[in-house]
Amino acid sequence: MRRRGALEGGPPTRVSILGATGSVGSTTLDVIAAAPAGMFEVVALTANDNVAALAAAARRHGAVIAAVANPARFAELAEALAGTGIEAAAGATGLAEAADRDVDCVVAAIVGAAGLSPTLLAARRAERLAIANKECFVIAGALFLAEMRSAGTEIIPVDSEHAAVHQVIDGRAPETIERVVLTASGGPFRDWSLERMQSATRADALNHPSWEMGAKITIDSATMMNKGLELIEAHHLFGVDETRLDALIHPQSLVHCLVEFCDGSLVAQLALPDMRVPIAQSLYWPARCATPGQRFDYARLSEIDFTPVDPAKFPAFALAREALRAGGAAPAVLNGANEVAVAAFLDGRIAYLDIARIVSLTLDRAHGAGLIGPPATIEAALAVDAAARDLARDVMGAI
């Protein structure tokens with residue numbers, strides 16, 4: 001039976017946030033801070049390396065435990081929390097200590113494959129998983145969903161597009177859905193030619209026109225890999241196969257999804273590009289609670305337009321679709337190679353257009369090495385991810 005939250009007369013909702021100092025994590029804390037008194041109780045907060053922000057958030061919200069992934073920062077975190085009664089932890093063991101807490105809702109906001117293991121551990125103990133880590137589905141897909149079903153954990157998506165689809169579908173059977181269309185801003189290069197993109201710089205790629213996000217996700221938005229990964233996530237979340245999934249470029253970022261049903265009805269979800277909206281939905285659902293921020297201006301409806309994704313201009317999106325069609329471990333290889341390539345681009349070691357090239361060549365090598373078969377366990381999926389990263393580094397050295 002679903003637990004009653006404070007809005008329904010129950011006790012405060014106990015929340016843990018994995019990745020509390022990133023874009024989604026810090027915005028989640030803003031939503032919690034703006035909530036009516038007694039609505040939430042923060043239990044655990046984690047961060048990768050930002051000790052100052054982590055300690056400040058733990059103090060401000062009265063967390064029980066704060067953990068930093070970098071074990072070399074433990075002493076600094078412990079000192080920052082001295083005298084507060086808040087537990088300090090670090091490294092893989094510390095993340096596990098923070099994740100393995102009895103809470104009502106865990107917000108999974110760690111970026112990339114690194115979020116899979118702590119998310120899985122935390123979600124097994126939580127009634128609800130508010131998930132912003134798409135890699136859980138991309139790398140482990142059906143295996144991750146089976147774990148959640150076994151634990152009885154409710155999954156509520158946090159990404160704006162998947163949160164939109166979740167609202168529109170609202171429990172309807174997958175067979176009634178004819179098509180799910182996610183929208184994309186098109187990133188900073190939506191109006192650039194392919195020739196111009198050959199000289200795109202790090203600063204160009206990080207100049208997102210609609211959203212404020214971390215560096216890795218912003219680059220994925222520029223290449224449209226992010227939208228491809230979101231299609232893979234949507235396939236697992238909503239039980240819709242690749243032939244019924246698509247994406248459109250929508251520069252205004254007001255419409256977050258379009259869902260077409262078997263009776264011909266087309267239902268859209270609209271909101272301003274403000275992550276507080278889907279985050280609040282993931283925390284309160286099925287209830288609603290006011291959030292701070294601007295409200296929708298209906299006059300802006302005249303500005304709405306859509307264009308298809310050009311696969312020649314955004315080959316990363318096409319690669320993600322191919323990986324979804326291939327199934328098995330292809331999405332895990334795609335993701336691992338992409339994380340390596342994006343990190344190299346951000347470090348100035350490869351050119352922007354090399355990102356998709358490296359991913360494509362890694363997928364080819366993975367097929368040749370027999371890595372694409374479906375993994376039998378979560379551990380096997382993580383092993384594929386590690387192997388894909390090694391292949392991507394080899395490819396990068398070769399080019």
# chains A, B, ... in the order shown; residues from 1 in each chain; ligands from 1

call {"tool": "select_by_dssp", "arguments": {"residues": "stretch 26-248 of chain A", "states": "helix (DSSP H, G or I)", "output": "number ranges by chain"}}
result
A: 26-34, 51-61, 71-80, 91-99, 113-123, 135-151, 160-169, 174-176, 187-189, 194-197, 202-205, 215-223, 225-238, 242-244

call {"tool": "select_by_dssp", "arguments": {"residues": "stretch 58-258 of chain A", "states": "strand (DSSP E)", "output": "NGL selection string"}}
result
:A and (65-68 or 87-90 or 105-108 or 128-131 or 154-157 or 177-184 or 245-249 or 255-258)

call {"tool": "residues_around", "arguments": {"residues": "stretch 319-336 of chain A", "least_positions_apart": "4", "cutoff": "6 Å", "atoms": "only C-alpha atoms", "output": "number ranges by chain"}}
result
A: 138-139, 228, 372-374, 385, 388-389

call {"tool": "write_last_selection", "arguments": {"atoms": "N, CA and C atoms", "output": "mmCIF file, in the first residue's frame"}}
result
data_model
loop_
_atom_site.group_PDB
_atom_site.id
_atom_site.type_symbol
_atom_site.label_atom_id
_atom_site.label_comp_id
_atom_site.auth_asym_id
_atom_site.auth_seq_id
_atom_site.Cartn_x
_atom_site.Cartn_y
_atom_site.Cartn_z
ATOM 1 N N VAL A 138 19.649 2.503 -19.616
ATOM 2 C CA VAL A 138 20.457 2.304 -20.819
ATOM 3 C C VAL A 138 21.418 1.138 -20.642
ATOM 4 N N ILE A 139 22.035 1.020 -19.482
ATOM 5 C CA ILE A 139 23.030 -0.021 -19.247
ATOM 6 C C ILE A 139 22.377 -1.342 -18.855
ATOM 7 N N GLY A 228 18.688 10.487 -27.696
ATOM 8 C CA GLY A 228 18.715 9.074 -28.021
ATOM 9 C C GLY A 228 18.679 8.199 -26.778
ATOM 10 N N ILE A 372 27.884 -7.758 -27.577
ATOM 11 C CA ILE A 372 26.545 -7.186 -27.724
ATOM 12 C C ILE A 372 25.442 -8.084 -27.174
ATOM 13 N N GLY A 373 25.737 -9.321 -26.858
ATOM 14 C CA GLY A 373 24.707 -10.213 -26.329
ATOM 15 C C GLY A 373 24.108 -9.689 -25.037
ATOM 16 N N PRO A 374 22.858 -10.052 -24.744
ATOM 17 C CA PRO A 374 22.201 -9.539 -23.539
ATOM 18 C C PRO A 374 22.888 -10.002 -22.267
ATOM 19 N N ASP A 385 29.974 -2.387 -19.761
ATOM 20 C CA ASP A 385 30.270 -0.951 -19.719
ATOM 21 C C ASP A 385 31.769 -0.709 -19.604
ATOM 22 N N ALA A 388 33.502 -1.633 -22.861
ATOM 23 C CA ALA A 388 33.222 -0.628 -23.890
ATOM 24 C C ALA A 388 34.107 0.600 -23.716
ATOM 25 N N ARG A 389 34.356 0.980 -22.480
ATOM 26 C CA ARG A 389 35.221 2.131 -22.221
ATOM 27 C C ARG A 389 36.652 1.842 -22.681
#

call {"tool": "residues_around", "arguments": {"residues": "A:Ala366", "least_positions_apart": "2", "cutoff": "9 Å", "atoms": "only C-alpha atoms", "output": "PyMOL selection string"}}
result
chain A and resi 330+333+361-364+368-372+387-388+391

call {"tool": "closest_residue", "arguments": {"among": "A:Ser26, A:Thr223, A:Ser16, A:Asn48", "to": "A:Ala98", "atoms": "only C-alpha atoms"}}
result
A:Ser16

call {"tool": "closest_residue", "arguments": {"among": "A:Ile110, A:Val68, A:Cys105, A:Ala122", "to": "A:Ala90", "atoms": "only C-alpha atoms"}}
result
A:Val68

call {"tool": "closest_residue", "arguments": {"among": "A:Leu194, A:Asp220, A:Leu258, A:Arg124", "to": "A:Ala146", "atoms": "only C-alpha atoms"}}
result
A:Arg124

call {"tool": "atom_distance", "arguments": {"atom1": "atom CA of A:Asn226", "atom2": "atom CA of A:Val15"}}
result
26.8 Å

call {"tool": "closest_residue", "arguments": {"among": "A:Thr377, A:Ser282, A:Thr243, A:Ser185", "to": "A:Pro157", "atoms": "only C-alpha atoms"}}
result
A:Ser282

call {"tool": "atom_distance", "arguments": {"atom1": "atom CA of A:Thr46", "atom2": "atom CA of A:Ala92"}}
result
11.1 Å

call {"tool": "atom_distance", "arguments": {"atom1": "atom CA of A:Arg300", "atom2": "atom CA of A:Ile169"}}
result
25.0 Å

call {"tool": "closest_residue", "arguments": {"among": "A:Ala142, A:Val181, A:Ala109, A:Val342", "to": "A:Pro308", "atoms": "only C-alpha atoms"}}
result
A:Val181

call {"tool": "residues_around", "arguments": {"residues": "A:Met275", "least_positions_apart": "5", "cutoff": "8 Å", "atoms": "only C-alpha atoms", "output": "PDB file with C-alpha atoms, in the first residue's frame"}}
result
ATOM      1  CA  VAL A  24      19.061  18.055 -10.486  1.00  0.00           C
ATOM      2  CA  THR A  27      17.216  21.918  -7.632  1.00  0.00           C
ATOM      3  CA  SER A 160      11.247  16.688 -17.984  1.00  0.00           C
TER       4      SER A 160
END

call {"tool": "residues_around", "arguments": {"residues": "A:Val255", "least_positions_apart": "5", "cutoff": "8 Å", "atoms": "only C-alpha atoms", "output": "MDAnalysis selection string"}}
result
chainID A and resid 183 250 268:271

call {"tool": "closest_residue", "arguments": {"among": "A:Ile232, A:Leu120, A:His162, A:Val111", "to": "A:Ser150", "atoms": "only C-alpha atoms"}}
result
A:Leu120

call {"tool": "residues_around", "arguments": {"residues": "A:Ile32", "least_positions_apart": "6", "cutoff": "9 Å", "atoms": "only C-alpha atoms", "output": "list in words"}}
result
Met39, Phe40, Glu41, Val42, His61, Ala280 and Leu283 of chain A

call {"tool": "decode", "arguments": {"residues": "stretch 4-30 of chain A", "atoms": "C-alpha atoms", "output": "PDB file, in the first residue's frame"}}
result
ATOM      1  CA  ARG A   4       0.475   8.705   2.850  1.00  0.00           C
ATOM      2  CA  GLY A   5       2.631  11.816   2.575  1.00  0.00           C
ATOM      3  CA  ALA A   6       2.400  14.940   4.676  1.00  0.00           C
ATOM      4  CA  LEU A   7      -0.023  16.551   2.194  1.00  0.00           C
ATOM      5  CA  GLU A   8      -2.427  13.688   2.951  1.00  0.00           C
ATOM      6  CA  GLY A   9      -2.026  13.948   6.719  1.00  0.00           C
ATOM      7  CA  GLY A  10       0.857  11.515   7.026  1.00  0.00           C
ATOM      8  CA  PRO A  11       4.353  12.055   8.468  1.00  0.00           C
ATOM      9  CA  PRO A  12       7.122  13.885   6.564  1.00  0.00           C
ATOM     10  CA  THR A  13       8.438  12.133   3.472  1.00  0.00           C
ATOM     11  CA  ARG A  14      11.977  10.882   4.154  1.00  0.00           C
ATOM     12  CA  VAL A  15      14.204  11.683   1.178  1.00  0.00           C
ATOM     13  CA  SER A  16      17.733  10.770   0.138  1.00  0.00           C
ATOM     14  CA  ILE A  17      19.433  12.532  -2.782  1.00  0.00           C
ATOM     15  CA  LEU A  18      22.232  10.809  -4.665  1.00  0.00           C
ATOM     16  CA  GLY A  19      24.113  13.539  -6.488  1.00  0.00           C
ATOM     17  CA  ALA A  20      22.927  16.389  -4.279  1.00  0.00           C
ATOM     18  CA  THR A  21      25.302  19.076  -5.567  1.00  0.00           C
ATOM     19  CA  GLY A  22      24.610  18.634  -9.287  1.00  0.00           C
ATOM     20  CA  SER A  23      21.938  20.436 -11.262  1.00  0.00           C
ATOM     21  CA  VAL A  24      19.061  18.055 -10.486  1.00  0.00           C
ATOM     22  CA  GLY A  25      20.159  17.416  -6.901  1.00  0.00           C
ATOM     23  CA  SER A  26      20.532  21.073  -5.970  1.00  0.00           C
ATOM     24  CA  THR A  27      17.216  21.918  -7.632  1.00  0.00           C
ATOM     25  CA  THR A  28      15.563  19.113  -5.662  1.00  0.00           C
ATOM     26  CA  LEU A  29      16.849  20.707  -2.470  1.00  0.00           C
ATOM     27  CA  ASP A  30      15.400  24.032  -3.620  1.00  0.00           C
TER      28      ASP A  30
END
